[in-house]
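J.: Mind looking over this structure? Questions follow.
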Amino acid sequence: MAKYLIKRVLTALFTLLVIATITFFLLRAIPGGPFTREKPLPDAIIRALNEKYNLDEPLFIQYLSYIKGLLTFDLGPSYRILGYTVNDIIISGFPTSALIGGIASLLIVVIGIPLGIVSALKQNSPVDYMVMFMATLGVTVPNFIIATLIIYIFSTQLGWLPSNGISNPLGYIGPVIALMGYSLSFVSRLTRSSMLEVLRQDYVRTARANGISERKVIFKHALKNALIPVITYVGPMVAAILTGSFVVEKIFAIPGIGRYFVQGVTNRDYTVIMGMTVLYSAFYIFMILLVDLAYSWIDPRIRLEGGAR
Amino acid sequence: MAKLNFDKVPKKDKLDTEQTRKSLTYWQDVWRRLKKNKSSMVGLVGVVIIVLLAVVGPWISPYDYSDQLSDYSNLPPRLDIREVGDTTFHVTRIYRLLELEDGIIVDRYNELEVDVINKINYYAKEIVLPADLENTSTYPLPATETLDANTYYSESWGIALTDGEYTFGDDAILVTYIHPDSPLHNLEFEGGPYDISDAVYFSELTTIANYGEANAADQQFDIDLGAESIVEKLDETQFIEEIRFFEAEVKLNYSYGLLNDNLVPTEFKDVDYTIEYKGDESLYTTDTIANKLFYFGSDSQGRDILTRVLYGARISLIVALIATLVNFIIGVTYGAVAGYLGGNWDNVMMRIVDIINSIPLVLWVILLMVVLREVVIDVTIAGKNYVIFRGTSGLGTIAIALGTVYWVAMARLVRGQVLGLKEQEFVLVARTIGVSNYKIISRHLIPNALGPIIVSMAMMIPAAVFTEAFLSFIGLGVSAPQASLGTLANAALSGFQSYPFKLFFPAAMIALMMLAFNFLGDGLRDALDPRLRKG
Amino acid sequence: MKKKVLEVKGVKTSFFTHLGEVQGVRGIDFELNEGEILGIVGESGSGKSVTSLSIMNLVDHPGEIKEGQILFHQEDGKIIDFTSLSNRKMNEFRGNEIAMIFQDPMTSLNPVYSIQNQMIEVIQRHTDLNKEEAIERAKSLLEQVGIPDPDSQITDYPHQFSGGMRQRALIATAISCNPRLLIADEPTTALDVTIQAQILELLKKLQDEINMSIILITHDLGVIAEVSTHVIVMYGGMIMEKGTVNDVFYNPKHPYTVGLHSSIPKSTKKEKERLVPIEGSPPDLMDPPQGCPFSPRCPHAMQVCLEDAAPLFEVSDTQKVSCWLLHEDAPKPDEIFKGAK
């Protein structure tokens, strides 16, 4: 087990390095730099800035010093947000994004899975149709539409929720719902179909034929098997949700980190893009690792794989 | 008891009772199953209607997607009207009077300056600045530049406002403010007066000003007409701004309540203005009528939203189709080759797939946009020149970007299918009789994996529409004057609270497209793979 | 007179799909005594599996037992109608007095729980044993069904067991509460031929040891011949013929049974024999023939066969056949009656 974990962590670190490397060189391949403006800055200023941030050194040297910084968790200064380092940006924005994302993820699991189960157990009943209709809407309506509708209906028209910011606890409701929409729908659909599949399995019939109570059949025998595909989806989803959403944070004016990536890309703010990419990838890889561990805990068939090698 | 008949029955009579089912080919069977599924038929009909609308709609519309009737900007689908004397007016959000006769707009704008308009008194809704102006810290000033240091701090908003920040220029009203935590706050500013336009990005600033209330764009327009503005500071939290329009002699009284909603005096909360016309005065809106000029309303440039939505649907569909096609060609070929060759080839090819998968989509799109910016591909057929691809339009770029990112999933799927299929006897037989690898892949492997491939493609279309809408929404999409649905939604966002209809129609179109394609895709999946059938 | 275990009276089970009613079982009657092994034979779609699920009262939605009674005779003589029981009440019998094993041992065990977990769950469900006692019981059961090293293998997961071992584990679970009746639905179909024989042998041995009755459902006449004492031949959701093994194998009276016999190869016969397939295909249970379900395929079909299903004619005390040919006025074709006494 320990050996397996060490192996996985090393692979994860290597993957992270590969991603960082690719992103680094890809970025530099894009014409334009962090100091390119529509109204060009004087050459002298650009030169001074390049010198200040060591952007005048050979690319490979820049790469090495970036990786060196990465190893010491120093993600470098932002080129466009003056006086801030990427670490500062993450420290100031990430807790907000993670809090909203955490609430959303938790609710997705706590609401989505039970909805899927109920829907599967009451297949073709009005409850099922209702849940599936909502889920289909949730999967098909983009989150920026959900977000603006929430603001329009609940802030502008009804005045129940603040239209932006999270200074008021009520302010969390809109962003959390907008963030949840797609994944909540997806999770309940996935749980439902997976549950239906499992309930048709022979071992469920065997359990019933052995007089096991319906409650135990569902929650012990069916659920554990049905959760396997759900976990596969939820893992990467959590990584994506925790690291913030550009759209939701922009619409609700939330000071998270979701928008830094898109902004960074449009501004060619190299270090910010790198920082956001590395942060997201690290989360992603970590969640995949958790998912794999959860697999081996749930499904004994996977237990020895990798560890034995 | 009736007599029982023990006569032997001849064979041909019996066969009548034997069930005879027509044998169906695979595709006939798929079609039969698809027809039985109600929701997928709804989806299919929806897709056909949307495609028809997208293809035919822009042609038969009296407007072109780029036609601008700027005199009629931001008209809603239903017009509020007021009766003044025996004349009916609609007052636009930018305080222009449109005279209506039998529901049809008769523009009397030019006459207004002579005698029509006397006065519109208007108390605007407060401009609500975002509660949290952390935003501002992302609009920094280069360290070498300077700024007038005369700033003051507004407690209730937690923001710092530079004094005299209302600059009425050609482009916008600039409202500059700096976050108190910003390092700029501590900078030494020299010289002055500072030229704000160098340091601050117009678009981003107007976006901020537009967050709560969408008047800046309108003011741009008004100010262009020639107006003067007098800003008067009442106290630390409120400005009164009076804008005088010379031509129209309209007096507008704005109140910028820089306070929380509940602190704004109620009289400023509702739009309240009067029209004086030839001695008659109208205080209230009396009725609403349908906008016969623009059935879905018009946008800020006076373009027909209906036409633009249909045109946007066309653009979104084109992007989705190209992306799906690119995805199909690359994904199927790559996956089939990797799966068929197997071994080390497979390993290396799949690692490449993993790496491509890890590149963030937004980054990839931008990279492609920049790289493809200069590229123009055209063909000349019968003396006429057709541009197939123009990097600057964003249309081809975004389609290619999507196609080249999404093929990864397709490649994985096809590889998995091929890995399973290539061990089957019919492939072994083909090999033993010396069929070439190319033919084995194209004749034996791919056709047998076609079911999952088609399902994946059907689901790919809504996914592409979705992603395209997202990319356009964050400003990376199709460039003006072309517009996809995502671009339209994004453009509508800034004036959303005042003009919800501008967002509603593109949003509804996106949702309908997504629903229709998803229903169809779900149905296809069930029909192509009976194992996955629901229930 | 032997004690009865089960009486099935006029059971009809249908599935109400969105395409219409599928009549899986269309009125069957039989009874089973203590110590008997009843084989139910028929091709797929004949209603034999639906019969077994009906007895267990396990017919899933959209299926439903429309009519009839399933009377279970308890040890002390009490008679219970399963069709009248709630699912909760029925659960007290399932796995306890009446148990069932299924066709595919590979998928009939829950892959995410150990054998021990799944066995003691059933044992503790129906007994008052504590966990340790239940584990001991489970181990002795595994030993009884021939798992070589139960002490170490009981904590294994299903994927670590071979198909034959899994079926043994399933049988062990099924007999864990000494059921009066065990229903085995095609217990050997998914297994290798050599394992098949072992499992059948095991069932026979267990039947002897704990004096239970067995209903063995199969499409394989060979399996029936090997272990059964009594046989029911089903077709199109109805019983065509029932009797002892000797009756049905050596004196078949229903044209379908005769057809079945001539359609399987017999290694015992010396002369070269042509296999005779039964022409046509099984009836559409959504719209079954009005009369005898076999009439459209029957070489001896008569006008009456198309109009009315035949009643059960008594051939002997033990043998009953649902065929109009047995009517006193009917013609007696040689193929069927040549061996008649």
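Just remember, in the structure tokens the first chain shown is A, the second B, etc., residues are 1-based per chain, and ligands are 1-based in the order shown.
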Tell me, as a count of residues only, which residues lie within 8 Å of Pro175 (chain A), counting only C-alpha atoms; anything in the same chain fewer than 5 positions away does not count.
T.: 5
J.: Residues of chain B that approach chain C to 6 Å or less, counting only C-alpha atoms: could you list each one with the shortest pair of atoms and its distance in Å to one decimal, rows by chain and increasing residue number, as a Markdown table?
T.:
```
| residue | atom | partner | partner_atom | distance |
| --- | --- | --- | --- | --- |
| B:Asn5 | CA | C:Val304 | CA | 5.2 |
| B:Phe6 | CA | C:Met302 | CA | 5.2 |
| B:Asp7 | CA | C:Met302 | CA | 5.2 |
| B:Lys8 | CA | C:Met302 | CA | 4.2 |
| B:Val9 | CA | C:Met302 | CA | 5.1 |
| B:Lys14 | CA | C:Pro296 | CA | 4.9 |
```
J.: For N, CA and C atoms, I'd like the residues from the last selection saved as a PDB file, in the first residue's frame.
T.:
```
ATOM      1  N   ASN B   5     -64.026 -31.145 -32.632  1.00  0.00           N
ATOM      2  CA  ASN B   5     -63.592 -31.416 -33.996  1.00  0.00           C
ATOM      3  C   ASN B   5     -62.159 -31.938 -33.987  1.00  0.00           C
ATOM      4  N   PHE B   6     -62.031 -33.200 -34.285  1.00  0.00           N
ATOM      5  CA  PHE B   6     -60.694 -33.798 -34.237  1.00  0.00           C
ATOM      6  C   PHE B   6     -60.065 -33.936 -35.617  1.00  0.00           C
ATOM      7  N   ASP B   7     -60.553 -33.135 -36.594  1.00  0.00           N
ATOM      8  CA  ASP B   7     -59.941 -33.206 -37.921  1.00  0.00           C
ATOM      9  C   ASP B   7     -58.534 -32.643 -37.872  1.00  0.00           C
ATOM     10  N   LYS B   8     -57.673 -33.309 -38.590  1.00  0.00           N
ATOM     11  CA  LYS B   8     -56.309 -32.831 -38.629  1.00  0.00           C
ATOM     12  C   LYS B   8     -56.231 -31.531 -39.432  1.00  0.00           C
ATOM     13  N   VAL B   9     -55.409 -30.614 -38.967  1.00  0.00           N
ATOM     14  CA  VAL B   9     -55.286 -29.338 -39.655  1.00  0.00           C
ATOM     15  C   VAL B   9     -54.119 -29.414 -40.621  1.00  0.00           C
ATOM     16  N   LYS B  14     -51.835 -23.799 -40.295  1.00  0.00           N
ATOM     17  CA  LYS B  14     -51.234 -23.543 -38.988  1.00  0.00           C
ATOM     18  C   LYS B  14     -50.238 -22.386 -39.040  1.00  0.00           C
TER      19      LYS B  14
END
```
J.: Taking only C-alpha atoms into account, report as number ranges by chain which residues of chain A lie within 12 Å of chain C.
T.: A: 121-124, 198-217, 220-228, 295-304
J.: Hey, could you make a per-residue contact list for chain A against chain B with 8 Å as the cut-off, showing the nearest pair of atoms and its distance in Å to one decimal, counting only C-alpha atoms, sorted by chain and number, as a Markdown table?
T.:
```
| residue | atom | partner | partner_atom | distance |
| --- | --- | --- | --- | --- |
| A:Val18 | CA | B:Ile355 | CA | 8.0 |
| A:Ile19 | CA | B:Ser358 | CA | 6.6 |
| A:Ile22 | CA | B:Ile359 | CA | 7.8 |
| A:Thr23 | CA | B:Ile359 | CA | 7.0 |
| A:Leu26 | CA | B:Leu367 | CA | 7.8 |
| A:Leu27 | CA | B:Leu367 | CA | 7.8 |
| A:Ala29 | CA | B:Leu367 | CA | 7.9 |
| A:Ile30 | CA | B:Leu367 | CA | 5.7 |
| A:Pro31 | CA | B:Val370 | CA | 6.9 |
| A:Lys39 | CA | B:Asp198 | CA | 7.8 |
| A:Ile45 | CA | B:Thr144 | CA | 7.6 |
| A:Arg80 | CA | B:Pro140 | CA | 6.6 |
| A:Ile81 | CA | B:Thr138 | CA | 5.5 |
| A:Leu82 | CA | B:Pro140 | CA | 6.1 |
| A:Gly83 | CA | B:Pro183 | CA | 5.9 |
| A:Gln123 | CA | B:Gly535 | CA | 7.8 |
| A:Thr136 | CA | B:Leu515 | CA | 7.5 |
| A:Leu137 | CA | B:Leu515 | CA | 7.4 |
| A:Thr140 | CA | B:Met514 | CA | 5.1 |
| A:Val141 | CA | B:Ala511 | CA | 5.1 |
| A:Pro142 | CA | B:Phe466 | CA | 6.7 |
| A:Ile145 | CA | B:Ala507 | CA | 6.2 |
| A:Thr148 | CA | B:Leu493 | CA | 7.8 |
| A:Tyr152 | CA | B:Gln497 | CA | 6.8 |
| A:Thr156 | CA | B:Gln497 | CA | 7.2 |
| A:Asn164 | CA | B:Pro130 | CA | 6.4 |
| A:Gly165 | CA | B:Asp132 | CA | 5.6 |
| A:Ser167 | CA | B:Ala131 | CA | 7.8 |
| A:Ser193 | CA | B:Lys534 | CA | 7.6 |
| A:Leu196 | CA | B:Gly535 | CA | 7.2 |
| A:Val247 | CA | B:Ile474 | CA | 7.4 |
| A:Ala253 | CA | B:Pro130 | CA | 6.8 |
| A:Ile254 | CA | B:Asp132 | CA | 7.4 |
| A:Pro255 | CA | B:Glu134 | CA | 6.0 |
| A:Val262 | CA | B:Val362 | CA | 7.1 |
| A:Val265 | CA | B:Leu363 | CA | 6.5 |
| A:Thr266 | CA | B:Ile366 | CA | 7.8 |
| A:Thr277 | CA | B:Pro360 | CA | 7.4 |
| A:Ser281 | CA | B:Ser358 | CA | 7.8 |
```
J.: Which is closest to Arg525 (chain B) among B:Phe505, B:Ile453, B:Gln482, B:His90, if we use only C-alpha atoms?
T.: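 The closest residue to Arg525 (chain B) is B:Ile453.
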J.: Determine which residues of region 124-245 of chain C DSSP labels as helix (DSSP H, G or I) from the backbone of this structure, then write them out as a PyMOL selection string.
T.: chain C and resi 124-126+131-144+150-153+158-160+163-174+193-210+221-227+245
J.: What are the DSSP strand (DSSP E) residues of region 31-262 of chain C, as an MDAnalysis selection string?
T.: chainID C and resid 31:33 37:41 63:73 79:81 98:101 181:185 213:218 230:235 238:244
J.: Could you list, as a PDB file with C-alpha atoms, in the first residue's frame, every residue within 12 Å of Leu64 (chain A), counting only C-alpha atoms and ignoring same-chain residues fewer than 6 positions away?
T.:
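Writing done, so here's selection.pdb:
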```pdb
ATOM      1  CA  LEU A  17       6.083  18.823 -14.218  1.00  0.00           C
ATOM      2  CA  ALA A  20       3.958  22.908 -16.303  1.00  0.00           C
ATOM      3  CA  THR A  21       6.595  22.466 -18.999  1.00  0.00           C
ATOM      4  CA  PHE A  24       5.316  27.224 -20.165  1.00  0.00           C
ATOM      5  CA  PHE A  25       6.555  26.729 -23.698  1.00  0.00           C
ATOM      6  CA  GLU A  57      16.973  36.096 -20.457  1.00  0.00           C
ATOM      7  CA  PRO A  58      17.123  33.079 -22.752  1.00  0.00           C
ATOM      8  CA  LEU A  70       7.852  25.919  -8.480  1.00  0.00           C
ATOM      9  CA  LEU A  71       9.814  23.454  -6.363  1.00  0.00           C
TER      10      LEU A  71
END
```
J.: Quick one: everything within 6 Å of region 66-79 of chain C, counting only C-alpha atoms, minus sequence neighbours fewer than 5 positions away in the same chain. Send it as a list in words.
T.: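 Residues near the query, excluding close chain neighbours: Val5, Leu6, Glu7, Val8, Lys9, Gly10, Val11, Lys12 and Thr13 of chain C.
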J.: Contacts of region 405-407 of chain B at 8 Å or less, counting only C-alpha atoms, minus same-chain residues fewer than 4 places along, as a PyMOL selection string?
T.: chain B and resi 326-328+330-331+356-357+361+401+411
J.: Just the selected residues (C-alpha atoms), exported as a PDB file, in the first residue's frame, please.
T.:
```pdb
ATOM      1  CA  VAL B 326     -12.655  17.536 -37.261  1.00  0.00           C
ATOM      2  CA  ASN B 327     -13.143  15.562 -34.084  1.00  0.00           C
ATOM      3  CA  PHE B 328     -14.484  12.617 -36.068  1.00  0.00           C
ATOM      4  CA  ILE B 330      -8.794  12.978 -36.265  1.00  0.00           C
ATOM      5  CA  GLY B 331     -10.266  11.028 -33.353  1.00  0.00           C
ATOM      6  CA  ILE B 356      -3.006  17.085 -25.011  1.00  0.00           C
ATOM      7  CA  ASN B 357      -5.842  16.454 -22.613  1.00  0.00           C
ATOM      8  CA  LEU B 361      -8.892  24.688 -23.410  1.00  0.00           C
ATOM      9  CA  ALA B 401      -9.826  24.733 -31.586  1.00  0.00           C
ATOM     10  CA  ALA B 411      -9.694   8.656 -29.928  1.00  0.00           C
TER      11      ALA B 411
END
```
J.: Hey, what's within 12 Å of Thr318 (chain C) if we count only C-alpha atoms and toss same-chain stuff fewer than 4 positions away? As a VMD selection string, please?
T.: chain C and resid 30 to 31 229 to 232 241 to 248 251 312 to 314
J.: Report, in Å with one decimal, the straight-line distance from CA of Gly101 (chain A) to CA of Met276 (chain A).
T.: 15.7 Å
